[in-house]
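Structure file query16.cif; described as mmCIF, C-alpha atoms; chains and numbers go by the auth columns.
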data_data
loop_
_atom_site.group_PDB
_atom_site.id
_atom_site.type_symbol
_atom_site.label_atom_id
_atom_site.label_comp_id
_atom_site.label_asym_id
_atom_site.label_seq_id
_atom_site.Cartn_x
_atom_site.Cartn_y
_atom_site.Cartn_z
_atom_site.B_iso_or_equiv
_atom_site.auth_seq_id
_atom_site.auth_asym_id
ATOM 1 C CA MET A 1 148.695 93.065 208.804 0.00 10 A
ATOM 2 C CA TYR A 2 150.962 93.254 211.796 0.00 11 A
ATOM 3 C CA ASN A 3 149.645 93.221 215.346 0.00 12 A
ATOM 4 C CA LEU A 4 151.898 95.652 217.208 0.00 13 A
ATOM 5 C CA ASN A 5 152.030 94.879 220.886 0.00 14 A
ATOM 6 C CA LEU A 6 153.064 98.320 222.111 0.00 15 A
ATOM 7 C CA PRO A 7 153.314 99.199 225.810 0.00 16 A
ATOM 8 C CA LEU A 8 151.495 102.508 225.305 0.00 17 A
ATOM 9 C CA SER A 9 150.456 102.823 228.947 0.00 18 A
ATOM 10 C CA THR A 10 154.118 103.386 229.858 0.00 19 A
ATOM 11 C CA TYR A 11 153.819 106.877 228.290 0.00 20 A
ATOM 12 C CA GLN A 12 150.836 107.932 230.393 0.00 21 A
ATOM 13 C CA ALA A 13 153.085 109.566 233.021 0.00 22 A
ATOM 14 C CA ASP A 14 154.530 111.822 230.291 0.00 23 A
ATOM 15 C CA LEU A 15 151.180 113.426 229.491 0.00 24 A
ATOM 16 C CA GLN A 16 150.600 116.958 230.775 0.00 25 A
ATOM 17 C CA THR A 17 147.038 117.245 232.019 0.00 26 A
ATOM 18 C CA LYS A 18 144.928 119.871 233.735 0.00 27 A
ATOM 19 C CA ASP A 19 141.411 120.151 235.068 0.00 28 A
ATOM 20 C CA LYS A 20 139.052 122.818 233.740 0.00 29 A
ATOM 21 C CA SER A 21 135.502 123.097 235.066 0.00 30 A
ATOM 22 C CA GLY A 22 135.643 119.506 236.303 0.00 31 A
ATOM 23 C CA LYS A 23 136.818 118.105 232.957 0.00 32 A
ATOM 24 C CA ALA A 24 140.254 116.716 232.154 0.00 33 A
ATOM 25 C CA TYR A 25 142.386 118.216 229.390 0.00 34 A
ATOM 26 C CA VAL A 26 145.711 117.080 227.957 0.00 35 A
ATOM 27 C CA LEU A 27 148.436 119.118 226.258 0.00 36 A
ATOM 28 C CA ASP A 28 148.799 118.030 222.648 0.00 37 A
ATOM 29 C CA PRO A 29 152.478 118.479 221.681 0.00 38 A
ATOM 30 C CA ILE A 30 151.648 118.847 217.989 0.00 39 A
ATOM 31 C CA ARG A 31 148.656 121.204 218.160 0.00 40 A
ATOM 32 C CA LYS A 32 150.360 122.992 221.090 0.00 41 A
ATOM 33 C CA LYS A 33 147.150 123.410 223.050 0.00 42 A
ATOM 34 C CA TYR A 34 145.124 121.638 225.687 0.00 43 A
ATOM 35 C CA VAL A 35 142.366 119.430 224.286 0.00 44 A
ATOM 36 C CA ARG A 36 139.593 117.514 226.047 0.00 45 A
ATOM 37 C CA LEU A 37 140.895 114.192 227.349 0.00 46 A
ATOM 38 C CA THR A 38 138.425 111.675 225.930 0.00 47 A
ATOM 39 C CA PRO A 39 139.231 107.941 225.762 0.00 48 A
ATOM 40 C CA GLU A 40 140.085 108.286 222.049 0.00 49 A
ATOM 41 C CA GLU A 41 142.237 111.353 222.759 0.00 50 A
ATOM 42 C CA LEU A 42 144.140 109.378 225.397 0.00 51 A
ATOM 43 C CA VAL A 43 145.047 106.760 222.779 0.00 52 A
ATOM 44 C CA ARG A 44 146.093 109.483 220.306 0.00 53 A
ATOM 45 C CA GLN A 45 148.292 111.198 222.899 0.00 54 A
ATOM 46 C CA LEU A 46 149.908 107.920 223.973 0.00 55 A
ATOM 47 C CA LEU A 47 150.670 107.117 220.328 0.00 56 A
ATOM 48 C CA LEU A 48 152.193 110.574 219.896 0.00 57 A
ATOM 49 C CA GLN A 49 154.409 110.044 222.941 0.00 58 A
ATOM 50 C CA TYR A 50 155.471 106.649 221.561 0.00 59 A
ATOM 51 C CA LEU A 51 156.297 108.140 218.155 0.00 60 A
ATOM 52 C CA ILE A 52 158.198 111.115 219.577 0.00 61 A
ATOM 53 C CA GLN A 53 160.062 109.357 222.399 0.00 62 A
ATOM 54 C CA GLU A 54 160.540 105.771 221.259 0.00 63 A
ATOM 55 C CA GLN A 55 160.639 106.158 217.489 0.00 64 A
ATOM 56 C CA GLN A 56 162.323 109.601 217.542 0.00 65 A
ATOM 57 C CA TRP A 57 159.828 110.928 214.977 0.00 66 A
ATOM 58 C CA SER A 58 160.135 114.671 214.391 0.00 67 A
ATOM 59 C CA LYS A 59 157.087 116.632 215.586 0.00 68 A
ATOM 60 C CA SER A 60 157.203 118.562 212.309 0.00 69 A
ATOM 61 C CA LEU A 61 156.349 115.318 210.463 0.00 70 A
ATOM 62 C CA LEU A 62 153.224 114.595 212.520 0.00 71 A
ATOM 63 C CA ALA A 63 149.768 116.007 211.743 0.00 72 A
ATOM 64 C CA VAL A 64 146.861 115.693 214.181 0.00 73 A
ATOM 65 C CA GLU A 65 143.136 116.028 213.453 0.00 74 A
ATOM 66 C CA LYS A 66 143.326 117.627 210.026 0.00 75 A
ATOM 67 C CA THR A 67 140.490 117.661 207.523 0.00 76 A
ATOM 68 C CA VAL A 68 140.263 115.491 204.457 0.00 77 A
ATOM 69 C CA HIS A 69 137.713 116.029 201.666 0.00 78 A
ATOM 70 C CA LEU A 70 135.781 112.981 200.488 0.00 79 A
ATOM 71 C CA GLY A 71 133.679 114.322 197.673 0.00 80 A
ATOM 72 C CA LYS A 72 131.272 116.760 199.303 0.00 81 A
ATOM 73 C CA ARG A 73 131.919 115.342 202.765 0.00 82 A
ATOM 74 C CA ILE A 74 134.561 116.721 205.073 0.00 83 A
ATOM 75 C CA LYS A 75 136.120 114.268 207.527 0.00 84 A
ATOM 76 C CA ARG A 76 138.883 114.582 210.086 0.00 85 A
ATOM 77 C CA PHE A 77 141.687 112.038 210.407 0.00 86 A
ATOM 78 C CA ASP A 78 143.303 111.304 213.772 0.00 87 A
ATOM 79 C CA LEU A 79 147.007 111.273 212.976 0.00 88 A
ATOM 80 C CA LEU A 80 149.178 111.336 209.867 0.00 89 A
ATOM 81 C CA ILE A 81 152.888 110.560 209.882 0.00 90 A
ATOM 82 C CA TYR A 82 154.919 112.001 207.007 0.00 91 A
ATOM 83 C CA THR A 83 158.263 110.822 205.613 0.00 92 A
ATOM 84 C CA ASP A 84 159.017 114.421 204.675 0.00 93 A
ATOM 85 C CA ALA A 85 157.003 117.633 204.388 0.00 94 A
ATOM 86 C CA THR A 86 154.875 116.388 201.490 0.00 95 A
ATOM 87 C CA HIS A 87 154.767 112.562 201.551 0.00 96 A
ATOM 88 C CA PRO A 88 152.255 110.790 203.840 0.00 97 A
ATOM 89 C CA HIS A 89 153.695 107.600 205.299 0.00 98 A
ATOM 90 C CA ILE A 90 151.281 106.199 207.934 0.00 99 A
ATOM 91 C CA LEU A 91 147.656 107.177 208.467 0.00 100 A
ATOM 92 C CA VAL A 92 146.540 106.424 212.022 0.00 101 A
ATOM 93 C CA GLU A 93 143.001 105.905 213.309 0.00 102 A
ATOM 94 C CA CYS A 94 142.531 105.950 217.087 0.00 103 A
ATOM 95 C CA LYS A 95 139.660 104.306 218.929 0.00 104 A
ATOM 96 C CA SER A 96 138.572 104.253 222.541 0.00 105 A
ATOM 97 C CA PRO A 97 140.315 101.573 224.657 0.00 106 A
ATOM 98 C CA LYS A 98 136.895 99.989 225.249 0.00 107 A
ATOM 99 C CA GLU A 99 136.186 99.655 221.515 0.00 108 A
ATOM 100 C CA PRO A 100 137.502 96.463 219.884 0.00 109 A
ATOM 101 C CA ILE A 101 139.070 96.913 216.449 0.00 110 A
ATOM 102 C CA ARG A 102 136.688 95.774 213.714 0.00 111 A
ATOM 103 C CA GLN A 103 136.635 95.562 209.931 0.00 112 A
ATOM 104 C CA ARG A 104 134.524 98.743 209.782 0.00 113 A
ATOM 105 C CA HIS A 105 137.482 100.659 211.240 0.00 114 A
ATOM 106 C CA PHE A 106 139.645 99.516 208.339 0.00 115 A
ATOM 107 C CA ASP A 107 136.859 100.552 205.964 0.00 116 A
ATOM 108 C CA GLN A 108 136.791 103.992 207.613 0.00 117 A
ATOM 109 C CA ILE A 109 140.540 104.557 207.401 0.00 118 A
ATOM 110 C CA MET A 110 140.609 103.293 203.792 0.00 119 A
ATOM 111 C CA GLN A 111 138.061 105.972 202.880 0.00 120 A
ATOM 112 C CA TYR A 112 140.209 108.680 204.465 0.00 121 A
ATOM 113 C CA ASN A 113 143.212 107.328 202.629 0.00 122 A
ATOM 114 C CA ILE A 114 141.618 107.747 199.196 0.00 123 A
ATOM 115 C CA GLN A 115 142.674 111.390 199.384 0.00 124 A
ATOM 116 C CA LEU A 116 145.872 111.024 201.457 0.00 125 A
ATOM 117 C CA LYS A 117 147.425 107.969 199.768 0.00 126 A
ATOM 118 C CA ALA A 118 149.574 106.836 202.694 0.00 127 A
ATOM 119 C CA PRO A 119 151.191 103.426 202.059 0.00 128 A
ATOM 120 C CA TYR A 120 150.562 102.252 205.639 0.00 129 A
ATOM 121 C CA LEU A 121 147.473 102.270 207.852 0.00 130 A
ATOM 122 C CA TRP A 122 147.556 101.910 211.634 0.00 131 A
ATOM 123 C CA ILE A 123 144.513 101.392 213.837 0.00 132 A
ATOM 124 C CA SER A 124 144.843 101.451 217.618 0.00 133 A
ATOM 125 C CA ASN A 125 142.662 101.330 220.694 0.00 134 A
ATOM 126 C CA GLY A 126 145.726 101.449 222.933 0.00 135 A
ATOM 127 C CA SER A 127 146.019 97.719 223.556 0.00 136 A
ATOM 128 C CA GLU A 128 145.210 96.431 220.057 0.00 137 A
ATOM 129 C CA ASN A 129 147.454 97.915 217.375 0.00 138 A
ATOM 130 C CA TYR A 130 147.154 96.852 213.747 0.00 139 A
ATOM 131 C CA LEU A 131 149.468 98.034 211.001 0.00 140 A
ATOM 132 C CA ALA A 132 148.690 97.206 207.390 0.00 141 A
ATOM 133 C CA LYS A 133 150.407 98.032 204.124 0.00 142 A
ATOM 134 C CA ILE A 134 148.100 99.183 201.378 0.00 143 A
ATOM 135 C CA ASP A 135 148.412 98.446 197.690 0.00 144 A
ATOM 136 C CA LEU A 136 147.450 101.907 196.437 0.00 145 A
ATOM 137 C CA ASP A 137 147.146 100.773 192.807 0.00 146 A
ATOM 138 C CA ASN A 138 144.624 98.020 193.577 0.00 147 A
ATOM 139 C CA LYS A 139 143.097 99.740 196.646 0.00 148 A
ATOM 140 C CA GLN A 140 143.456 96.759 198.938 0.00 149 A
ATOM 141 C CA LEU A 141 145.226 95.969 202.186 0.00 150 A
ATOM 142 C CA ILE A 142 148.096 93.537 202.176 0.00 151 A
ATOM 143 C CA PHE A 143 147.744 91.366 205.249 0.00 152 A
ATOM 144 C CA LYS A 144 150.344 89.259 206.959 0.00 153 A
ATOM 145 C CA LYS A 145 147.412 87.180 208.135 0.00 154 A
ATOM 146 C CA GLU A 146 143.721 87.742 207.507 0.00 155 A
ATOM 147 C CA PHE A 147 141.951 90.251 209.743 0.00 156 A
ATOM 148 C CA VAL A 148 138.865 88.660 211.227 0.00 157 A
ATOM 149 C CA SER A 149 136.058 90.878 212.428 0.00 158 A
ATOM 150 C CA SER A 150 133.465 89.630 214.844 0.00 159 A
#
Step by step, read the file and then write its structure as structure tokens.
Amino acid sequence: MYNLNLPLSTYQADLQTKDKSGKAYVLDPIRKKYVRLTPEELVRQLLLQYLIQEQQWSKSLLAVEKTVHLGKRIKRFDLLIYTDATHPHILVECKSPKEPIRQRHFDQIMQYNIQLKAPYLWISNGSENYLAKIDLDNKQLIFKKEFVSS
């Protein structure tokens, strides 16, 4: 697992926001619509800005809040980065900046990845960013150093 120390707050000025009935909304560049600006959404939008601006990732290779079927349950992932139109590369789970990253978040993203089969998983709360490679054959994360939950 790699702890990515990304300066995500530097992208906050690039977000397009508006107020509607006393609530803040942000323009999502992938969904091309204004969405409610929750703490988790702020992290997602900052990650999108980082990917688009810093990493030069094509918007056409980014998917936001799409459904994934887990048996009879339908879940919604936060962000999926593709290598091309059909191959998932990194599955991203966003958390509120106030929520510390825990083992249960890795468990959650691993469940989503059963269907998607992305080789990398990224969990972020804006200040903590963890990237892990997954061994899809053995269904386990390959850590650089052990992740310790508290």
Expansion of the PyMOL selection byres ((chain A and resi 82-84) around 12) into residues, as a ChimeraX atom specification: /A:74-81,85-87,117-118,120-125
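The space separating atom CA of A:Asn147 from atom CA of A:His114 comes to 19.2 Å.
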Extract, using only C-alpha atoms, all DNA, RNA and protein residues at most 12 Å from A:Lys32, discarding same-chain residues fewer than 6 positions from it, and format them as a list in words. Thr26, Tyr43, Val44, Arg45, Leu46 and Thr47 of chain A
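Counting only C-alpha atoms and comparing A:Thr92, A:Gln112, A:Ser69, A:Thr19, the residue that lies closest to A:Arg40 is A:Ser69.
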Between A:Leu140, A:Ile90, A:Cys103, A:Leu71, smallest distance to A:Glu49 by all atoms listed in the file belongs to A:Cys103
Run through the PyMOL selection byres ((chain A and resi 39) around 7) on the given coordinates and return the selected residues as a CSV table (one decimal) with C-alpha atoms, in the frame of the given file.
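In the end it all went to out_6.csv:
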chain,number,residue,atom,x,y,z
A,37,ASP,CA,148.8,118.0,222.6
A,38,PRO,CA,152.5,118.5,221.7
A,40,ARG,CA,148.7,121.2,218.2
A,41,LYS,CA,150.4,123.0,221.1
A,68,LYS,CA,157.1,116.6,215.6
A,73,VAL,CA,146.9,115.7,214.2
Rank A:Tyr34, A:Asp144, A:Gln54, A:Ala72 by their smallest atom-to-atom distance to A:Ala127, using all atoms listed in the file, and report the top residue only. A:Asp144
Written as number ranges by chain, what is the full residue list that the PyMOL selection byres ((chain A and resi 131-138) around 8) yields on the file shown? A: 12-18, 49, 52, 55-56, 99-110, 114-115, 129-130, 139-141
Output, as AutoDock Vina command-line options, the centre and edge lengths in Å (one decimal) of the axis-aligned box that contains all listed atoms of stretch 135-140 of chain A with 6 Å of margin on each side.
--center_x 147.3 --center_y 98.9 --center_z 217.3 --size_x 16.3 --size_y 17.0 --size_z 24.6
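You will find atom CA of A:Ser67 at 17.9 Å from atom CA of A:Lys42.
You will find atom CA of A:Gln25 at 12.7 Å from atom CA of A:Leu57.
Nearest residue to A:Pro48 among A:Ala33, A:Ile61, A:Asp23, A:Asp28 is A:Ala33, counting only C-alpha atoms.
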